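A.B. asks: Here you go, this is final35.cif (mmCIF, C-alpha atoms).
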data_upload
loop_
_atom_site.label_atom_id
_atom_site.label_comp_id
_atom_site.auth_asym_id
_atom_site.auth_seq_id
_atom_site.Cartn_x
_atom_site.Cartn_y
_atom_site.Cartn_z
CA MET A 1 -116.00 65.92 -10.13
CA SER A 2 -118.35 64.02 -7.88
CA PRO A 3 -118.69 64.19 -4.11
CA SER A 4 -117.34 61.43 -1.92
CA PRO A 5 -119.81 59.59 0.30
CA SER A 6 -118.49 61.27 3.41
CA ARG A 7 -115.72 63.31 5.03
CA GLY A 8 -117.22 66.76 4.57
CA THR A 9 -115.99 68.59 1.48
CA ARG A 10 -113.70 65.83 0.28
CA ARG A 11 -114.36 65.16 -3.41
CA THR A 12 -113.46 62.12 -5.52
CA VAL A 13 -112.14 62.30 -9.07
CA SER A 14 -113.63 59.02 -10.29
CA GLY A 15 -116.36 58.60 -12.81
CA LEU A 16 -118.32 56.94 -10.12
CA ALA A 17 -119.62 58.30 -6.86
CA THR A 18 -122.82 60.27 -7.43
CA ALA A 19 -123.20 63.16 -9.87
CA LEU A 20 -121.00 61.64 -12.55
CA LEU A 21 -122.84 58.34 -12.43
CA ALA A 22 -126.15 60.14 -12.64
CA LEU A 23 -125.12 61.14 -16.18
CA ALA A 24 -124.59 57.53 -17.26
CA ALA A 25 -127.92 55.77 -17.49
CA PRO A 26 -127.98 52.20 -16.10
CA LEU A 27 -127.91 49.69 -18.90
CA ALA A 28 -128.10 46.48 -16.88
CA ALA A 29 -128.13 45.30 -13.30
CA PRO A 30 -124.69 44.87 -11.74
CA ALA A 31 -123.26 41.41 -11.31
CA LEU A 32 -123.37 40.34 -7.70
CA PRO A 33 -119.96 39.34 -6.34
CA ALA A 34 -119.45 35.68 -5.58
CA ALA A 35 -118.06 36.22 -2.11
CA ALA A 36 -116.99 38.98 0.20
CA ALA A 37 -114.88 38.66 3.31
CA ALA A 38 -113.08 40.89 5.78
CA THR A 39 -109.98 39.63 7.55
CA GLY A 40 -107.44 41.68 9.44
CA GLN A 41 -106.77 45.00 7.70
CA VAL A 42 -108.39 44.15 4.37
CA SER A 43 -111.75 43.41 2.78
CA THR A 44 -111.80 41.10 -0.24
CA VAL A 45 -114.47 40.50 -2.87
CA THR A 46 -114.06 37.60 -5.29
CA TYR A 47 -115.79 36.89 -8.61
CA THR A 48 -116.54 33.47 -10.09
CA ALA A 49 -115.47 32.33 -13.54
CA ALA A 50 -119.06 32.78 -14.71
CA GLU A 51 -119.16 36.33 -13.37
CA ARG A 52 -115.86 37.15 -15.06
CA ALA A 53 -117.13 35.79 -18.38
CA ALA A 54 -120.27 37.88 -18.00
CA ALA A 55 -118.17 40.99 -17.33
CA LEU A 56 -116.15 40.45 -20.51
CA SER A 57 -119.34 39.94 -22.51
CA TYR A 58 -120.84 43.07 -20.98
CA TRP A 59 -117.98 45.47 -21.72
CA THR A 60 -118.03 45.40 -25.50
CA PRO A 61 -116.16 48.07 -27.49
CA ALA A 62 -119.51 49.72 -28.20
CA ARG A 63 -120.40 49.91 -24.50
CA MET A 64 -117.00 51.37 -23.63
CA LYS A 65 -117.54 54.09 -26.20
CA GLN A 66 -121.10 54.63 -25.03
CA VAL A 67 -120.11 55.31 -21.42
CA SER A 68 -117.52 57.80 -22.67
CA ARG A 69 -120.14 59.67 -24.70
CA ALA A 70 -122.52 59.74 -21.73
CA VAL A 71 -120.29 61.92 -19.55
CA ASP A 72 -118.89 65.41 -20.09
CA LEU A 73 -117.26 67.12 -17.11
CA GLY A 74 -116.37 70.29 -18.97
CA PRO A 75 -113.08 71.45 -20.46
CA THR A 76 -109.85 69.65 -19.68
CA GLY A 77 -107.81 71.72 -17.23
CA PRO A 78 -104.66 73.58 -18.19
CA LEU A 79 -102.39 71.32 -16.12
CA SER A 80 -103.71 68.12 -17.76
CA LYS A 81 -101.83 67.22 -20.92
CA PRO A 82 -102.47 64.43 -23.43
CA TRP A 83 -99.77 61.79 -23.26
CA THR A 84 -98.05 61.81 -26.66
CA GLY A 85 -94.95 59.80 -25.79
CA LYS A 86 -94.30 56.11 -26.08
CA GLY A 87 -97.36 54.01 -25.29
CA ILE A 88 -97.71 52.89 -21.66
CA PRO A 89 -99.51 49.53 -21.84
CA SER A 90 -99.35 49.00 -18.07
CA ILE A 91 -101.81 51.89 -17.52
CA GLY A 92 -105.41 51.45 -18.62
CA ARG A 93 -109.09 52.12 -18.08
CA LEU A 94 -110.99 50.17 -15.45
CA PHE A 95 -114.62 49.69 -16.45
CA PHE A 96 -117.28 48.54 -14.00
CA VAL A 97 -120.91 48.71 -12.92
CA ASP A 98 -121.50 50.41 -9.58
CA SER A 99 -123.85 49.35 -6.79
CA ARG A 100 -126.67 51.39 -8.35
CA GLY A 101 -126.40 49.55 -11.65
CA GLN A 102 -124.67 52.35 -13.53
CA ASP A 103 -121.81 52.05 -15.99
CA THR A 104 -118.63 54.00 -15.27
CA TRP A 105 -114.84 53.84 -15.20
CA CYS A 106 -111.66 54.65 -13.31
CA THR A 107 -107.96 54.32 -14.13
CA ALA A 108 -105.57 51.58 -12.93
CA SER A 109 -102.01 50.39 -13.47
CA ALA A 110 -100.34 46.99 -13.57
CA VAL A 111 -97.59 46.60 -10.99
CA THR A 112 -94.91 44.05 -10.20
CA SER A 113 -96.38 41.19 -8.16
CA GLY A 114 -95.85 37.57 -7.25
CA ASN A 115 -98.79 36.40 -9.37
CA ARG A 116 -98.01 38.82 -12.22
CA SER A 117 -101.66 39.82 -12.19
CA VAL A 118 -102.10 42.82 -9.83
CA ILE A 119 -103.39 46.28 -10.69
CA MET A 120 -103.52 49.25 -8.32
CA THR A 121 -106.33 51.79 -8.23
CA ALA A 122 -108.45 53.76 -5.74
CA ALA A 123 -110.69 52.03 -3.20
CA HIS A 124 -113.69 54.06 -4.36
CA CYS A 125 -113.28 52.34 -7.74
CA ALA A 126 -114.07 49.00 -6.06
CA ARG A 127 -116.77 49.85 -3.51
CA LEU A 128 -118.51 52.66 -1.69
CA GLY A 129 -116.82 53.91 1.45
CA SER A 130 -118.53 53.44 4.81
CA SER A 131 -120.87 50.90 3.23
CA PRO A 132 -119.51 47.33 3.43
CA VAL A 133 -122.28 45.79 1.33
CA ASN A 134 -121.99 48.21 -1.62
CA THR A 135 -119.35 46.61 -3.81
CA TYR A 136 -119.15 46.80 -7.60
CA GLY A 137 -119.44 44.23 -10.37
CA ASP A 138 -118.57 43.53 -14.01
CA ILE A 139 -115.04 44.91 -13.48
CA VAL A 140 -112.75 44.77 -16.50
CA PHE A 141 -109.26 46.25 -16.93
CA VAL A 142 -108.25 47.36 -20.43
CA PRO A 143 -104.48 48.01 -20.47
CA GLY A 144 -103.22 50.58 -22.92
CA TYR A 145 -106.74 51.71 -23.80
CA ALA A 146 -106.76 54.40 -26.50
CA LYS A 147 -109.68 55.79 -28.48
CA GLY A 148 -111.85 52.71 -28.29
CA LYS A 149 -109.06 50.23 -28.88
CA ALA A 150 -107.91 47.47 -26.54
CA PRO A 151 -104.50 46.63 -28.03
CA TYR A 152 -103.56 44.21 -25.23
CA GLY A 153 -106.96 42.65 -24.72
CA ARG A 154 -109.29 42.85 -21.72
CA TYR A 155 -108.75 41.36 -18.28
CA ALA A 156 -111.66 40.49 -16.00
CA VAL A 157 -111.03 41.18 -12.32
CA LYS A 158 -111.24 38.08 -10.14
CA ALA A 159 -110.72 39.76 -6.76
CA THR A 160 -110.72 43.26 -5.31
CA VAL A 161 -108.89 44.05 -2.07
CA THR A 162 -109.52 47.27 -0.15
CA PRO A 163 -108.71 48.41 3.39
CA ARG A 164 -111.35 47.56 5.96
CA SER A 165 -110.97 51.17 7.02
CA TRP A 166 -112.34 52.20 3.61
CA ALA A 167 -115.30 49.84 3.69
CA GLU A 168 -116.20 50.90 7.22
CA ASP A 169 -115.00 54.51 7.58
CA THR A 170 -113.96 55.87 4.12
CA VAL A 171 -110.29 56.01 5.13
CA ASN A 172 -107.32 54.85 2.98
CA ASP A 173 -108.51 55.26 -0.61
CA ILE A 174 -106.34 52.53 -2.14
CA ALA A 175 -107.22 49.21 -3.76
CA ALA A 176 -105.41 46.30 -5.35
CA MET A 177 -107.11 43.94 -7.77
CA ALA A 178 -106.10 40.56 -9.14
CA VAL A 179 -107.08 39.93 -12.74
CA ALA A 180 -107.73 36.59 -14.38
CA THR A 181 -105.51 35.39 -17.22
CA PRO A 182 -107.51 35.25 -20.48
CA ALA A 183 -107.99 31.88 -22.14
CA ASN A 184 -105.02 31.21 -24.42
CA GLY A 185 -103.48 34.45 -23.19
CA LYS A 186 -100.61 35.68 -21.02
CA ARG A 187 -100.63 36.80 -17.42
CA LEU A 188 -101.14 40.52 -17.24
CA THR A 189 -97.63 41.78 -16.56
CA ASP A 190 -96.12 39.24 -18.93
CA ALA A 191 -98.24 40.86 -21.64
CA VAL A 192 -98.01 44.57 -20.76
CA GLY A 193 -95.10 44.97 -18.36
CA ALA A 194 -95.39 46.48 -14.90
CA GLN A 195 -94.70 49.58 -12.92
CA ASN A 196 -92.67 49.19 -9.74
CA ILE A 197 -94.44 49.98 -6.47
CA ALA A 198 -93.00 51.38 -3.25
CA PHE A 199 -94.37 51.73 0.27
CA GLY A 200 -93.46 54.23 2.94
CA ARG A 201 -92.04 56.81 0.53
CA PRO A 202 -92.34 60.35 1.96
CA ALA A 203 -93.78 63.29 0.04
CA GLY A 204 -91.41 65.61 -1.77
CA GLU A 205 -90.70 63.60 -4.93
CA ARG A 206 -91.28 64.63 -8.50
CA VAL A 207 -94.27 62.58 -9.67
CA THR A 208 -96.21 62.14 -12.89
CA ALA A 209 -99.92 61.41 -12.38
CA PHE A 210 -101.85 59.64 -15.15
CA GLY A 211 -105.55 59.12 -15.81
CA TYR A 212 -108.46 58.91 -18.23
CA PRO A 213 -110.64 61.87 -17.17
CA ALA A 214 -114.13 62.51 -18.54
CA THR A 215 -113.25 66.07 -19.51
CA THR A 216 -113.65 67.54 -22.99
CA PRO A 217 -112.42 66.89 -25.61
CA GLN A 218 -110.93 63.55 -24.54
CA ARG A 219 -114.00 62.19 -22.65
CA GLY A 220 -112.04 59.25 -21.24
CA GLU A 221 -110.77 58.12 -24.61
CA GLU A 222 -107.17 59.31 -24.18
CA LEU A 223 -104.53 59.07 -21.45
CA LEU A 224 -103.71 62.42 -19.82
CA TYR A 225 -101.09 63.37 -17.24
CA CYS A 226 -99.91 66.06 -14.82
CA ALA A 227 -96.43 66.43 -13.37
CA GLY A 228 -95.21 68.14 -10.22
CA THR A 229 -93.62 67.73 -6.81
CA SER A 230 -95.72 66.00 -4.18
CA ARG A 231 -96.32 67.65 -0.80
CA LEU A 232 -97.44 66.31 2.54
CA ALA A 233 -101.19 66.72 3.20
CA PRO A 234 -103.44 66.01 6.20
CA GLU A 235 -105.14 62.67 6.94
CA GLY A 236 -102.27 60.51 5.70
CA GLU A 237 -102.34 61.92 2.18
CA GLN A 238 -100.08 63.69 -0.29
CA ARG A 239 -100.98 66.37 -2.83
CA VAL A 240 -99.68 67.53 -6.18
CA ALA A 241 -100.66 70.37 -8.50
CA CYS A 242 -102.96 68.58 -10.95
CA ASP A 243 -106.44 69.12 -12.39
CA LEU A 244 -107.24 65.70 -13.87
CA GLY A 245 -111.01 65.29 -13.70
CA GLY A 246 -113.46 62.48 -12.98
CA GLY A 247 -112.47 59.14 -14.51
CA ALA A 248 -108.80 59.63 -13.55
CA SER A 249 -109.35 58.15 -10.09
CA GLY A 250 -106.95 55.32 -9.34
CA GLY A 251 -104.40 56.49 -11.90
CA PRO A 252 -100.82 56.06 -10.71
CA TRP A 253 -98.46 58.67 -9.34
CA LEU A 254 -95.14 57.58 -10.81
CA ALA A 255 -91.94 58.72 -9.14
CA GLY A 256 -88.77 58.58 -11.23
CA PHE A 257 -90.86 58.31 -14.39
CA ASN A 258 -88.85 57.67 -17.55
CA SER A 259 -90.73 58.85 -20.63
CA ALA A 260 -88.53 56.74 -22.91
CA THR A 261 -89.49 53.48 -21.20
CA GLY A 262 -92.89 54.46 -19.80
CA LYS A 263 -91.80 53.14 -16.41
CA GLY A 264 -91.63 54.55 -12.90
CA THR A 265 -92.57 53.64 -9.35
CA VAL A 266 -96.12 53.88 -8.02
CA VAL A 267 -96.05 55.94 -4.80
CA SER A 268 -99.74 56.94 -4.70
CA VAL A 269 -102.91 57.04 -6.84
CA ASN A 270 -105.38 59.76 -7.77
CA SER A 271 -108.00 59.96 -5.04
CA HIS A 272 -109.77 63.33 -4.96
CA GLY A 273 -109.39 66.97 -5.88
CA ALA A 274 -109.96 70.18 -4.01
CA GLY A 275 -113.16 70.90 -5.92
CA ASP A 276 -114.74 70.82 -9.35
CA GLY A 277 -111.86 71.00 -11.80
CA GLY A 278 -109.62 72.48 -9.12
CA THR A 279 -106.19 71.73 -7.78
CA PRO A 280 -104.41 70.18 -6.05
CA MET A 281 -104.93 66.46 -6.52
CA TYR A 282 -104.74 64.32 -3.39
CA GLY A 283 -103.58 60.73 -3.08
CA PRO A 284 -103.04 58.31 -0.19
CA THR A 285 -99.60 57.73 1.28
CA LEU A 286 -98.84 54.05 0.69
CA GLY A 287 -98.10 52.77 4.17
CA LYS A 288 -98.66 49.51 6.07
CA THR A 289 -102.34 49.31 5.16
CA ALA A 290 -101.62 49.71 1.46
CA ARG A 291 -98.94 47.05 1.73
CA ALA A 292 -101.44 44.65 3.31
CA VAL A 293 -103.89 45.31 0.45
CA TYR A 294 -101.20 44.71 -2.17
CA ASP A 295 -99.91 41.55 -0.48
CA ALA A 296 -103.41 40.07 -0.33
CA ALA A 297 -103.97 40.74 -4.03
CA GLN A 298 -100.69 39.21 -5.15
CA ARG A 299 -101.64 36.01 -3.33
CA GLY A 300 -104.89 35.93 -5.31
#
Please go through the file and, once you have read it, give me the structure as C-alpha cells.
C.D. replies:
Amino acid sequence: MSPSPSRGTRRTVSGLATALLALAAPLAAPALPAAAAATGQVSTVTYTAAERAAALSYWTPARMKQVSRAVDLGPTGPLSKPWTGKGIPSIGRLFFVDSRGQDTWCTASAVTSGNRSVIMTAAHCARLGSSPVNTYGDIVFVPGYAKGKAPYGRYAVKATVTPRSWAEDTVNDIAAMAVATPANGKRLTDAVGAQNIAFGRPAGERVTAFGYPATTPQRGEELLYCAGTSRLAPEGEQRVACDLGGGASGGPWLAGFNSATGKGTVVSVNSHGAGDGGTPMYGPTLGKTARAVYDAAQRG
C-alpha cells in the first residue's frame, strides 16, 4: 500500500502514489496532456490523437509484464480471491505514467454511457490530489486483461474527468475517463459490454469489489475480488471488509453482482485501505459530484 498525498493516515490502494511507484523505475518521460481545464465541479484533461497513439505504442505487452514484475507488495490477503468465474471483459487494468515519469497501473470498469466509451476509476489514478498541475499521461485501458493478454484490445484514454475537490483538496476520490475508439474497431461498451452505474445509493448493500493488486503471487496479472456488505464511513465514504492491495485502486464495487453474467451496478470504487494489507477497504459514496464527473465524461 502507498500513502496518499494528504489527509493524515489515509492510504491509497493504487500502484501509484509514492512507495509503490518507487519500486517501478521510470522508463520514459510521461506524455504531457494536450489541455487541462476546470469548470464547475470538475477538472478535465484531454489528450490529442498523437498523444493517444504514443500511449498505445508505449504500453506494449512486454512493458505491461515488466511493470508487473517490478512490484511485489507481499502475500495476497486472505479475503482476496482469484476470480475463476466467467470472464468479465468490462473490468480491466488501467496502465499509465505518473507525474514523476514512472510506470504503474490501477483498475477500471466500463459503464453504461451516452458515448459508449466511459470507464470509472479512482481520481488518484488520473492525477495527484491537492496538486492541479500533476496529471498523468500515456493512459491505456485494457479490458479483460489476464496474464499478459489483451483479448479485447487496448483503448487509449482521450479525456480524464475528476472532481475539482480532488485536484485542489484531495476530496472525492472518483474519476471518469472517456476512451477513444480504436481504428477499425468498436466503441468500448459495444465490444466488452458495460456495468450499470448508480448514484445516491446508501451503504448497506452486498457488494463485490474487483481489482488487479500487486500482491503475490498474482502481481497484477489476474483479477481478484472481495465480497461483503458495505457500511457507512466518515468523510462521505463507505467501507467493506476487503484486503485487495495496491493496483486494485479504481476497481468497481458491484451491487447485485451476478456471477453468471458478470454484471452488476457500480456503487463505488476502491479508494484506500486502513493500512498496509489491512481491512477494511474504503470507497467514495457516488453522489452529486460523482454524477457531474460521469456526465462530463459521457459527453466526451
A.B. asks: Using all atoms listed in the file, which of A:Glu237, A:Gly250, A:Asp243, A:Tyr282 sits nearest Leu79 (chain A)?
C.D. replies: A:Asp243
A.B. asks: Can you measure CA of Arg206 (chain A) to CA of Val266 (chain A) for me? One decimal in Å is fine.
C.D. replies: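 Atom-to-atom, CA of Arg206 (chain A) and CA of Val266 (chain A) are spaced 11.8 Å apart.
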A.B. asks: One decimal, Å: what's the distance from CA of Trp83 (chain A) over to CA of Lys263 (chain A), could you say?
C.D. replies: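 Separating CA of Trp83 (chain A) from CA of Lys263 (chain A) is a distance of 13.6 Å.
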A.B. asks: Please identify all polymer residues within 6 Å of region 105-121 of chain A, counting only C-alpha atoms, omitting same-chain residues fewer than 6 positions from it, and present them as a PyMOL selection string.
C.D. replies: chain A and resi 14-15+90-96+175-179+188-189+194-196+211+247-251+298
A.B. asks: Counting all atoms listed in the file, select every polymer residue within 9 Å of (-105.3, 50.4, -0.5) as defined in the file's coordinates, and provide the selection as a PyMOL selection string.
C.D. replies: chain A and resi 42+120-123+161-163+166+172-176+284+286-287+289-294
A.B. asks: List the residues matched by the PyMOL selection byres ((chain A and resi 202) around 10) in the displayed structure as a list of chain:residue names, ordered by chain and then by residue number.
C.D. replies: A:Phe199, A:Gly200, A:Arg201, A:Ala203, A:Gly204, A:Glu205, A:Ser230, A:Arg231, A:Leu232, A:Gln238, A:Val267, A:Thr285, A:Leu286, A:Gly287
A.B. asks: Between CA of Ala54 (chain A) and CA of Asp138 (chain A), measure the distance and give it in Å to one decimal.
C.D. replies: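 That distance, rounded to one decimal, is 7.1 Å.
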A.B. asks: Using only C-alpha atoms, which protein or nucleic acid residues come within 9 Å of Gly74 (chain A)? Drop anything in the same chain fewer than 3 positions from it, and give the result as an NGL selection string.
C.D. replies: :A and (77 or 214-217 or 277)
A.B. asks: Would you translate the PyMOL selection byres ((chain A and resi 55-62) around 12) into the concrete set of residues it matches in this file, as a ChimeraX atom specification?
C.D. replies: /A:27-33,47-54,63-69,93-97,103-105,136-142,145-151,153-158,179-180,182-183,221
A.B. asks: Would you give the centre and edge lengths, in Å to one decimal, of a box along x, y and z around the listed atoms of region 227-240 of chain A, with 8 Å added to each side, as lines of an AutoDock Vina configuration file?
C.D. replies:
center_x = -99.4
center_y = 64.3
center_z = -3.2
size_x = 27.5
size_y = 23.6
size_z = 36.3
A.B. asks: Looking at A:Val171, A:Cys125, A:Ala191, A:Val207, which one is nearest to Cys226 (chain A), with distances taken over only C-alpha atoms?
C.D. replies: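 Comparing A:Val171, A:Cys125, A:Ala191, A:Val207 against Cys226 (chain A), the winner is A:Val207.
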A.B. asks: Applied to this file, what does the PyMOL selection byres ((chain A and resi 86) around 7) return in terms of residues, put as a list in words?
C.D. replies: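 When the PyMOL selection byres ((chain A and resi 86) around 7) is applied, the selected residues are Thr84, Gly85, Gly87, Ile88, Ala260 and Gly262 of chain A.
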A.B. asks: At a cut-off of 7 Å, using only C-alpha atoms, what residues contact Gly129 (chain A)? Leave out same-chain residues fewer than 5 positions from it and give the result as a short mmCIF file (atom, residue, chain, number, x, y, z; two decimals) with C-alpha atoms, keeping the file's coordinate frame.
C.D. replies:
data_model
loop_
_atom_site.label_atom_id
_atom_site.label_comp_id
_atom_site.auth_asym_id
_atom_site.auth_seq_id
_atom_site.Cartn_x
_atom_site.Cartn_y
_atom_site.Cartn_z
CA PRO A 5 -119.81 59.59 0.30
CA HIS A 124 -113.69 54.06 -4.36
CA TRP A 166 -112.34 52.20 3.61
CA ALA A 167 -115.30 49.84 3.69
CA GLU A 168 -116.20 50.90 7.22
CA ASP A 169 -115.00 54.51 7.58
CA THR A 170 -113.96 55.87 4.12
#
A.B. asks: From the list A:Gly193, A:Gly300, A:Pro280, A:Pro234, which residue is nearest Pro89 (chain A) when using all atoms listed in the file?
C.D. replies: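 Distance minimum relative to Pro89 (chain A) lands on A:Gly193.
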A.B. asks: Which residue gives the smallest distance to Pro252 (chain A) among A:Asn270, A:Gly264, A:Thr229, A:Arg239, with all atoms listed in the file counted?
C.D. replies: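 Of all the options, A:Asn270 lies closest to Pro252 (chain A).
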A.B. asks: Pick from A:Gly246, A:Gly273, A:Pro75, A:Gly256: nearest to Ala198 (chain A), with only C-alpha atoms counted?
C.D. replies: A:Gly256
A.B. asks: Which of these, A:Thr279, A:Gln218, A:Thr181, A:Thr46, has the shortest distance to Ala241 (chain A) once you count all atoms listed in the file?
C.D. replies: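 Smallest separation from Ala241 (chain A) among the options: A:Thr279.
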